[in-house]
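Undergrad: Sharing a structure below in structure tokens format, with a few things to ask.
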Amino acid sequence: MSFVAAMMLATSVPALAVTATDGTETASVYAPVAEDTVSYEPQALEVSEEAEISTLAAEAYDVEAAPPPIVVEAPSGGSVSIAEGDAIVWPVVSWEKRASGFGPRSAPCGGCSTFHDGIDFNPGDGTPVMSIADGVVVLATENGGGLGVNVEVQHNIGGELITSSYAHMQYGSIAVSVGERVTAGQQLGLVGTTGQSTGPHLHLEMFGGDGVRFDGFAWLSERIG
Ligand SMILES: [Zn+2]
């Protein structure tokens with residue numbers, strides 16, 4: 001604080017005083033002062049009448065109106081506004097190790113569905129699971145039924161509400177809480193095999209405001225390239 005105050009004082013000293021040749025000790029403005037004991041008068045900045053106020057021509061730049069933020073109502077997390085994020089990332093590093101794609105399939109277990117409403121990544125037990133984009137955590141539970149340890153994050157993608165759901169993670173691995181803002185690539189938990197799962201893998205579901213699941217692999221591939 002005292003340094004800033006000294007700087008303000010120093011820069012407000014008239015140029016004449018600084019260049020004075022009478023030996024005046026002008027450096028005294030830097031002398032250490034005890035904080036809380038010195039009060040400075042507000043400094044006025046004098047600008048000569050010839051000073052040019054530079055203005056930016058309106059046509060010199062374009063303003064692209066940003067889409068309005070999406071407000072998410074997270075249970076017990078209150079309402080959180082999420083701004084649009086640009087970055088999209090894979091939820092695991094070894095994303096190419098895919099176990100099962102989106103769509104019809106033969107049920108892999110007794111109670112498993114014949115329609116796979118997510119995509120499975122198989123990067124190995126304990127691999128960090130990351131948020132695919134900036135967003136807000138709307139669900140973080142160890143009791144997600146068939147989904148086991150499950151985290152849901154809502155995103156603002158181009159003004160559209162998109163939810164990503166990360167399932168079957170390890171017990172005790174959830175690294176976020178409901179209502180928390182997360183960034184693309186932020187760790188949510190670790191790959192596990194909780195809930196209705198036949199082995200360690202990440203089951204990722206994605207859906208829009210209508211709740212209808214879509215093919216997250218195609219969606220991510222399209223955006224990440
Ligand atoms: Zn799955």
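By order of appearance in the structure tokens: chains A, B, ..., then residues from 1 within every chain, and ligands from 1 in the order shown.
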Can you tell me which residues come within 9 Å of ligand 1 when counting only C-alpha atoms and all ligand atoms, ideally as a PyMOL selection string?
TA: chain A and resi 99-102+116-121+147+167-168+197+201-205
Undergrad: Using the selection just defined, write its residues with N, CA and C atoms as a short mmCIF file (atom, residue, chain, number, x, y, z; two decimals), in the first residue's frame.
TA:
data_model
loop_
_atom_site.label_atom_id
_atom_site.label_comp_id
_atom_site.auth_asym_id
_atom_site.auth_seq_id
_atom_site.Cartn_x
_atom_site.Cartn_y
_atom_site.Cartn_z
N ALA A 99 -14.76 -49.12 -25.28
CA ALA A 99 -15.24 -50.48 -25.07
C ALA A 99 -16.57 -50.70 -25.77
N SER A 100 -17.45 -49.73 -25.71
CA SER A 100 -18.79 -49.92 -26.25
C SER A 100 -19.35 -48.58 -26.71
N GLY A 101 -19.91 -48.60 -27.91
CA GLY A 101 -20.45 -47.38 -28.47
C GLY A 101 -21.91 -47.16 -28.12
N PHE A 102 -22.44 -46.08 -28.65
CA PHE A 102 -23.81 -45.67 -28.38
C PHE A 102 -24.78 -46.42 -29.29
N HIS A 116 -27.68 -49.08 -25.49
CA HIS A 116 -26.63 -48.41 -24.72
C HIS A 116 -26.79 -46.90 -24.88
N ASP A 117 -27.20 -46.23 -23.80
CA ASP A 117 -27.49 -44.79 -23.91
C ASP A 117 -26.29 -43.93 -23.53
N GLY A 118 -25.12 -44.52 -23.62
CA GLY A 118 -23.90 -43.77 -23.37
C GLY A 118 -22.78 -44.38 -24.20
N ILE A 119 -21.57 -43.93 -23.90
CA ILE A 119 -20.41 -44.54 -24.54
C ILE A 119 -19.44 -44.95 -23.45
N ASP A 120 -18.73 -46.04 -23.69
CA ASP A 120 -17.82 -46.57 -22.68
C ASP A 120 -16.37 -46.37 -23.09
N PHE A 121 -15.60 -45.85 -22.15
CA PHE A 121 -14.16 -45.71 -22.36
C PHE A 121 -13.49 -46.72 -21.44
N LEU A 147 -25.85 -46.54 -12.21
CA LEU A 147 -24.72 -45.71 -12.65
C LEU A 147 -23.60 -45.65 -11.59
N ALA A 167 -20.26 -42.12 -15.13
CA ALA A 167 -20.75 -43.18 -14.25
C ALA A 167 -19.71 -44.25 -13.95
N HIS A 168 -20.04 -45.06 -12.94
CA HIS A 168 -19.25 -46.23 -12.49
C HIS A 168 -17.89 -45.87 -11.90
N SER A 197 -22.07 -52.60 -13.56
CA SER A 197 -20.88 -52.56 -14.42
C SER A 197 -20.18 -53.91 -14.37
N HIS A 201 -14.60 -49.18 -16.17
CA HIS A 201 -14.71 -48.36 -17.39
C HIS A 201 -15.45 -47.08 -17.05
N LEU A 202 -15.33 -46.09 -17.92
CA LEU A 202 -16.13 -44.87 -17.77
C LEU A 202 -17.30 -44.95 -18.73
N HIS A 203 -18.50 -44.84 -18.16
CA HIS A 203 -19.72 -44.76 -18.97
C HIS A 203 -20.11 -43.28 -19.01
N LEU A 204 -20.06 -42.70 -20.19
CA LEU A 204 -20.38 -41.27 -20.36
C LEU A 204 -21.70 -41.12 -21.10
N GLU A 205 -22.62 -40.42 -20.46
CA GLU A 205 -23.89 -40.11 -21.13
C GLU A 205 -23.93 -38.62 -21.40
#
Undergrad: Have a look at A:Ser106, A:Gln187, A:Ser131, A:Asn143 and name the one nearest to His155 of chain A; count only C-alpha atoms.
TA: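 Among the listed residues, A:Ser131 lies closest to His155 of chain A.
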Undergrad: Return the single residue from A:Val137, A:Ile157, A:Ala107, A:Met130 that is closest to Gln186 of chain A, with distances computed using only C-alpha atoms.
TA: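 Closest to Gln186 of chain A, using only C-alpha atoms: A:Met130.
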Undergrad: List the spatial neighbours of Glu84 of chain A as number ranges by chain - criterion: any atom at most 10 Å away, only C-alpha atoms, same-chain residues fewer than 6 positions off excluded.
TA: A: 66-70, 133-135, 155-161
Undergrad: From the set A:Gly199, A:Cys109, A:Thr114, A:Leu139, which residue has the shortest atom-to-atom contact distance to Gln170 of chain A, counting only C-alpha atoms?
TA: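 Once distances to Gln170 of chain A are computed over only C-alpha atoms, the minimum belongs to A:Gly199.
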Undergrad: Using only C-alpha atoms, which of the listed residues (A:Val191, A:Ala87, A:Gly146, A:Glu222) sits closest to Cys112 of chain A?
TA: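 When distances to Cys112 of chain A are compared using only C-alpha atoms, the smallest one comes from A:Gly146.
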Undergrad: Distance atom CA of Val149 of chain A-atom CA of Thr183 of chain A, one decimal place?
TA: 20.2 Å
Undergrad: Tell me which of A:Ser173, A:Ser221, A:Thr163, A:Thr198 sits closest to Asn122 of chain A, counting only C-alpha atoms.
TA: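 Between A:Ser173, A:Ser221, A:Thr163, A:Thr198, the residue approaching Asn122 of chain A most closely is A:Thr198.
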Undergrad: For atom CA of Ser165 of chain A and atom CA of Val178 of chain A, quote the distance in Å rounded to one decimal.
TA: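 Rounded to one decimal, the two atoms are 13.1 Å apart.
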